[in-house]
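Structure data (mmCIF, C-alpha atoms) from start_11.cif:
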```cif
data_run
#
loop_
_atom_site.group_PDB
_atom_site.id
_atom_site.type_symbol
_atom_site.label_atom_id
_atom_site.label_comp_id
_atom_site.auth_asym_id
_atom_site.auth_seq_id
_atom_site.Cartn_x
_atom_site.Cartn_y
_atom_site.Cartn_z
ATOM 1 C CA MET A 1 84.901 81.120 96.066
ATOM 2 C CA ASN A 2 82.168 83.381 97.436
ATOM 3 C CA PHE A 3 82.788 87.131 97.672
ATOM 4 C CA THR A 4 80.986 89.266 100.259
ATOM 5 C CA LEU A 5 81.829 92.440 102.123
ATOM 6 C CA SER A 6 81.585 90.547 105.401
ATOM 7 C CA THR A 7 84.298 88.078 104.366
ATOM 8 C CA VAL A 8 86.447 90.947 103.054
ATOM 9 C CA ALA A 9 86.230 92.592 106.494
ATOM 10 C CA GLN A 10 87.130 89.328 108.245
ATOM 11 C CA SER A 11 90.084 88.666 105.922
ATOM 12 C CA LEU A 12 91.335 92.227 106.297
ATOM 13 C CA ALA A 13 91.037 92.079 110.097
ATOM 14 C CA ALA A 14 93.016 88.825 110.237
ATOM 15 C CA TYR A 15 95.685 90.294 107.944
ATOM 16 C CA LEU A 16 96.034 93.601 109.834
ATOM 17 C CA ALA A 17 95.919 92.172 113.384
ATOM 18 C CA PRO A 18 99.713 91.580 113.657
ATOM 19 C CA SER A 19 100.414 95.157 112.479
ATOM 20 C CA PHE A 20 97.925 96.666 114.940
ATOM 21 C CA PRO A 21 98.149 94.808 118.260
ATOM 22 C CA GLY A 22 95.483 95.775 120.765
ATOM 23 C CA VAL A 23 93.151 97.190 118.100
ATOM 24 C CA THR A 24 89.618 95.775 117.960
ATOM 25 C CA PHE A 25 88.276 95.143 114.460
ATOM 26 C CA TYR A 26 84.557 95.602 113.792
ATOM 27 C CA GLU A 27 82.789 94.522 110.635
ATOM 28 C CA ASP A 28 80.832 97.757 110.477
ATOM 29 C CA PRO A 29 80.432 100.849 112.628
ATOM 30 C CA ASN A 30 78.416 100.092 115.704
ATOM 31 C CA GLN A 31 76.498 102.701 117.616
ATOM 32 C CA GLN A 32 77.170 101.571 121.190
ATOM 33 C CA GLY A 33 79.819 99.599 122.984
ATOM 34 C CA THR A 34 82.776 100.547 120.795
ATOM 35 C CA GLN A 35 86.097 99.975 122.534
ATOM 36 C CA THR A 36 88.928 102.171 121.268
ATOM 37 C CA PRO A 37 91.359 101.774 119.674
ATOM 38 C CA CYS A 38 89.358 100.148 116.905
ATOM 39 C CA MET A 39 88.962 99.826 113.144
ATOM 40 C CA PHE A 40 85.926 99.145 111.032
ATOM 41 C CA LEU A 41 85.200 98.819 107.328
ATOM 42 C CA GLN A 42 82.509 100.706 105.408
ATOM 43 C CA GLN A 43 81.510 100.314 101.778
ATOM 44 C CA ARG A 44 81.255 103.658 99.994
ATOM 45 C CA TYR A 45 80.278 102.629 96.453
ATOM 46 C CA SER A 46 80.038 99.703 94.065
ATOM 47 C CA TYR A 47 80.135 99.852 90.284
ATOM 48 C CA PRO A 48 79.331 96.546 88.572
ATOM 49 C CA LYS A 49 80.266 96.394 84.878
ATOM 50 C CA LEU A 50 79.135 93.492 82.712
ATOM 51 C CA ARG A 51 81.957 91.985 80.671
ATOM 52 C CA GLN A 52 82.245 89.038 78.283
ATOM 53 C CA GLY A 53 81.185 85.535 79.221
ATOM 54 C CA GLY A 54 78.756 86.585 81.940
ATOM 55 C CA ARG A 55 81.549 87.910 84.149
ATOM 56 C CA TRP A 56 81.269 91.175 86.043
ATOM 57 C CA LEU A 57 84.010 93.579 87.071
ATOM 58 C CA ARG A 58 83.031 95.036 90.431
ATOM 59 C CA GLN A 59 84.752 98.201 91.545
ATOM 60 C CA ILE A 60 84.109 98.530 95.269
ATOM 61 C CA GLY A 61 85.111 101.606 97.252
ATOM 62 C CA LEU A 62 85.936 100.912 100.891
ATOM 63 C CA ASP A 63 86.776 103.096 103.868
ATOM 64 C CA LEU A 64 88.833 101.575 106.678
ATOM 65 C CA THR A 65 88.244 103.858 109.656
ATOM 66 C CA TYR A 66 90.617 103.917 112.628
ATOM 67 C CA LEU A 67 89.531 105.409 115.948
ATOM 68 C CA VAL A 68 91.443 106.125 119.144
ATOM 69 C CA ASP A 69 90.251 107.853 122.290
ATOM 70 C CA TYR A 70 89.291 111.423 121.396
ATOM 71 C CA ASN A 71 90.966 112.950 124.459
ATOM 72 C CA LEU A 72 94.501 111.685 123.862
ATOM 73 C CA PRO A 73 97.100 114.454 123.574
ATOM 74 C CA ASN A 74 99.014 112.536 120.866
ATOM 75 C CA MET A 75 95.963 111.580 118.787
ATOM 76 C CA GLN A 76 97.308 113.222 115.609
ATOM 77 C CA GLN A 77 100.623 111.365 115.886
ATOM 78 C CA LEU A 78 98.816 108.043 116.440
ATOM 79 C CA TYR A 79 96.734 108.569 113.294
ATOM 80 C CA GLN A 80 99.822 109.563 111.295
ATOM 81 C CA ALA A 81 101.701 106.440 112.418
ATOM 82 C CA ALA A 82 98.694 104.216 111.623
ATOM 83 C CA ALA A 83 98.355 105.742 108.138
ATOM 84 C CA GLU A 84 102.024 105.122 107.400
ATOM 85 C CA ALA A 85 101.740 101.534 108.669
ATOM 86 C CA LEU A 86 98.702 100.949 106.443
ATOM 87 C CA ASP A 87 100.564 102.359 103.430
ATOM 88 C CA LEU A 88 103.248 99.709 103.944
ATOM 89 C CA VAL A 89 100.907 96.696 104.126
ATOM 90 C CA MET A 90 97.837 97.551 102.038
ATOM 91 C CA GLU A 91 99.141 97.002 98.500
ATOM 92 C CA THR A 92 97.668 93.490 98.610
ATOM 93 C CA PHE A 93 96.038 91.280 101.242
ATOM 94 C CA PRO A 94 94.994 87.606 101.362
ATOM 95 C CA TYR A 95 91.265 86.919 101.019
ATOM 96 C CA THR A 96 89.358 83.822 102.035
ATOM 97 C CA ASP A 97 85.633 83.236 102.236
ATOM 98 C CA GLY A 98 86.044 80.738 105.065
ATOM 99 C CA THR A 99 84.352 77.893 103.186
ATOM 100 C CA THR A 100 86.881 76.955 100.511
ATOM 101 C CA GLU A 101 90.520 76.011 100.939
ATOM 102 C CA GLY A 102 93.271 78.456 100.177
ATOM 103 C CA THR A 103 93.359 82.199 99.761
ATOM 104 C CA SER A 104 93.283 84.670 96.900
ATOM 105 C CA LEU A 105 95.410 87.775 96.856
ATOM 106 C CA LEU A 106 93.372 90.974 96.475
ATOM 107 C CA ARG A 107 95.091 94.095 95.161
ATOM 108 C CA THR A 108 93.980 97.531 96.337
ATOM 109 C CA TYR A 109 93.668 100.530 94.018
ATOM 110 C CA GLU A 110 93.251 104.289 94.459
ATOM 111 C CA ARG A 111 94.562 104.266 98.024
ATOM 112 C CA GLU A 112 94.384 107.518 99.955
ATOM 113 C CA TRP A 113 93.992 108.587 103.554
ATOM 114 C CA ARG A 114 92.957 111.636 105.504
ATOM 115 C CA ILE A 115 92.733 112.531 109.153
ATOM 116 C CA ASP A 116 89.552 114.149 110.413
ATOM 117 C CA LEU A 117 89.163 115.607 113.867
ATOM 118 C CA ASP A 118 88.129 112.278 115.320
ATOM 119 C CA ALA A 119 89.259 109.510 112.936
ATOM 120 C CA LEU A 120 91.675 108.276 110.293
ATOM 121 C CA HIS A 121 89.941 107.334 107.044
ATOM 122 C CA TYR A 122 91.980 105.015 104.830
ATOM 123 C CA LYS A 123 90.109 104.734 101.528
ATOM 124 C CA PHE A 124 90.838 102.225 98.797
ATOM 125 C CA GLU A 125 89.161 100.392 95.942
ATOM 126 C CA LEU A 126 88.913 96.700 95.125
ATOM 127 C CA GLN A 127 88.474 95.539 91.555
ATOM 128 C CA VAL A 128 87.282 91.962 91.481
ATOM 129 C CA TRP A 129 85.949 89.684 88.763
ATOM 130 C CA VAL A 130 82.761 87.918 89.807
ATOM 131 C CA GLU A 131 80.371 85.483 88.214
ATOM 132 C CA LEU A 132 76.800 85.018 89.284
ATOM 133 C CA PRO A 133 75.964 81.444 90.257
ATOM 134 C CA GLU A 134 73.658 80.332 87.469
ATOM 135 C CA ASP A 135 73.218 77.429 85.107
ATOM 136 C CA PHE A 136 75.128 78.201 81.936
ATOM 137 C CA ASN A 137 74.660 76.496 78.624
ATOM 138 C CA PRO A 138 77.055 77.813 75.957
ATOM 139 C CA MET A 139 74.987 76.320 73.114
#
```
Could you write out this file's structure as structure tokens?
Amino acid sequence: MNFTLSTVAQSLAAYLAPSFPGVTFYEDPNQQGTQTPCMFLQQRYSYPKLRQGGRWLRQIGLDLTYLVDYNLPNMQQLYQAAAEALDLVMETFPYTDGTTEGTSLLRTYEREWRIDLDALHYKFELQVWVELPEDFNPM
């Protein structure tokens, strides 16, 4: 199974869509044409650590940002409700790369959220084992 940030964003959008009807999911923040309410995913950091057998443990920090119209009088309450909804469903989520059959369950770590003046930032970390595609001869 291939692992990319793009496929993580697509899997997360498909998983969260039933919990957030009417919300548009973007793969990354776009500069023009954003329709609120919307969510997008940003990578904040990545720490690859080489382990035994040519496997890597990647710790990837992600920020799921939720935006509503800035002029709404109940903006704070909308962000609070969205944060509580995310807390309920973000322990794990199904991941697929779109090319192989089946899904893998990804667990989230170090979850936290904060509300800025204009957005809800739901931050979490993924810890995934990856192997680089290379010819391997154990002899």
**Study point:** Residues within 12 Å of Arg114 in chain A, all atoms listed in the file, excluding chain neighbours under 2 positions, as a ChimeraX atom specification
**Key:** /A:63-66,76,79-80,82-84,111-112,116-124
Practice item. Apply the PyMOL selection byres ((chain A and resi 128) around 7) to the file shown and report the selected residues as a list in words. Key: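 On the file shown, the PyMOL selection byres ((chain A and resi 128) around 7) covers Leu57, Arg58, Gln59, Leu126, Gln127, Trp129 and Val130 of chain A.
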Could you take the residues named above and write them with C-alpha atoms, as an mmCIF file, in the frame of the given file?
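As a result, out20.cif now contains:
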```
data_model
loop_
_atom_site.group_PDB
_atom_site.id
_atom_site.type_symbol
_atom_site.label_atom_id
_atom_site.label_comp_id
_atom_site.auth_asym_id
_atom_site.auth_seq_id
_atom_site.Cartn_x
_atom_site.Cartn_y
_atom_site.Cartn_z
ATOM 1 C CA LEU A 57 84.010 93.579 87.071
ATOM 2 C CA ARG A 58 83.031 95.036 90.431
ATOM 3 C CA GLN A 59 84.752 98.201 91.545
ATOM 4 C CA LEU A 126 88.913 96.700 95.125
ATOM 5 C CA GLN A 127 88.474 95.539 91.555
ATOM 6 C CA TRP A 129 85.949 89.684 88.763
ATOM 7 C CA VAL A 130 82.761 87.918 89.807
#
```
Review point. So, counting only C-alpha atoms, which residue among A:Gly22, A:Ala9, A:Phe3, A:Val68 is closest to Thr34 in chain A?
Key: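 Nearest to Thr34 in chain A: A:Val68.
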Check your understanding: Excluding same-chain residues fewer than 6 positions from Asp97 in chain A, what lies within 10 Å of it counting all atoms listed in the file, as JSON, numbers by chain?
Key -> {"A": [1, 2, 3, 4, 5, 6, 7, 8, 10, 11, 103, 104]}
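The gap separating CA of Leu62 in chain A from CA of Ser46 in chain A is 9.1 Å, in Å to one decimal.
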Check your understanding: If you count only C-alpha atoms, which residues fall within 6 Å of Cys38 in chain A, apart from same-chain ones fewer than 4 positions away, as an MDAnalysis selection string?
Key -> chainID A and resid 23:25 66:67
Write to file, as a CSV table (one decimal), in the coordinates of the input, the residues of the selection just made, with C-alpha atoms.
```csv
chain,number,residue,atom,x,y,z
A,23,VAL,CA,93.2,97.2,118.1
A,24,THR,CA,89.6,95.8,118.0
A,25,PHE,CA,88.3,95.1,114.5
A,66,TYR,CA,90.6,103.9,112.6
A,67,LEU,CA,89.5,105.4,115.9
```
Taking all atoms of range 27-40 of chain A that the file lists and extending 8 Å past them on each side, where is the centre of the axis-aligned box and how long are its edges? Answer in Å to one decimal, as AutoDock Vina command-line options.
```
--center_x 83.9 --center_y 98.6 --center_z 116.7 --size_x 30.9 --size_y 24.2 --size_z 28.5
```
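Computed from the coordinates, the CA of Ala14 in chain A to CA of Asn71 in chain A distance equals 28.1 Å.
Relative to CA of Thr36 in chain A, CA of Phe20 in chain A is found at 12.3 Å.
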Review point. Which residue out of A:Glu27, A:Ser19, A:Ile115, A:Gln52 has the minimum interatomic distance to Gln77 in chain A when all atoms listed in the file are used?
Key: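 That would be A:Ile115, the residue with the smallest distance to Gln77 in chain A.
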Review point. With only C-alpha atoms as the basis for distance, which of A:Leu132, A:Tyr15, A:Gly102, A:Met75 is at the shortest distance from Pro48 in chain A?
Key: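 Among the listed residues, the smallest separation from Pro48 in chain A belongs to A:Leu132.
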Review point. Near Met90 in chain A, within 10 Å and counting only C-alpha atoms, which residues show up once chain neighbours fewer than 3 positions away are dropped, as a PyMOL selection string?
Key: chain A and resi 12+15-16+85-87+93+106-109+111+122+124
Store the residues picked out above, limited to C-alpha atoms, as a short mmCIF file (atom, residue, chain, number, x, y, z; two decimals), keeping the file's coordinate frame.
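Saved the output as again.cif:
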```
data_model
loop_
_atom_site.label_atom_id
_atom_site.label_comp_id
_atom_site.auth_asym_id
_atom_site.auth_seq_id
_atom_site.Cartn_x
_atom_site.Cartn_y
_atom_site.Cartn_z
CA LEU A 12 91.34 92.23 106.30
CA TYR A 15 95.68 90.29 107.94
CA LEU A 16 96.03 93.60 109.83
CA ALA A 85 101.74 101.53 108.67
CA LEU A 86 98.70 100.95 106.44
CA ASP A 87 100.56 102.36 103.43
CA PHE A 93 96.04 91.28 101.24
CA LEU A 106 93.37 90.97 96.48
CA ARG A 107 95.09 94.10 95.16
CA THR A 108 93.98 97.53 96.34
CA TYR A 109 93.67 100.53 94.02
CA ARG A 111 94.56 104.27 98.02
CA TYR A 122 91.98 105.02 104.83
CA PHE A 124 90.84 102.22 98.80
#
```
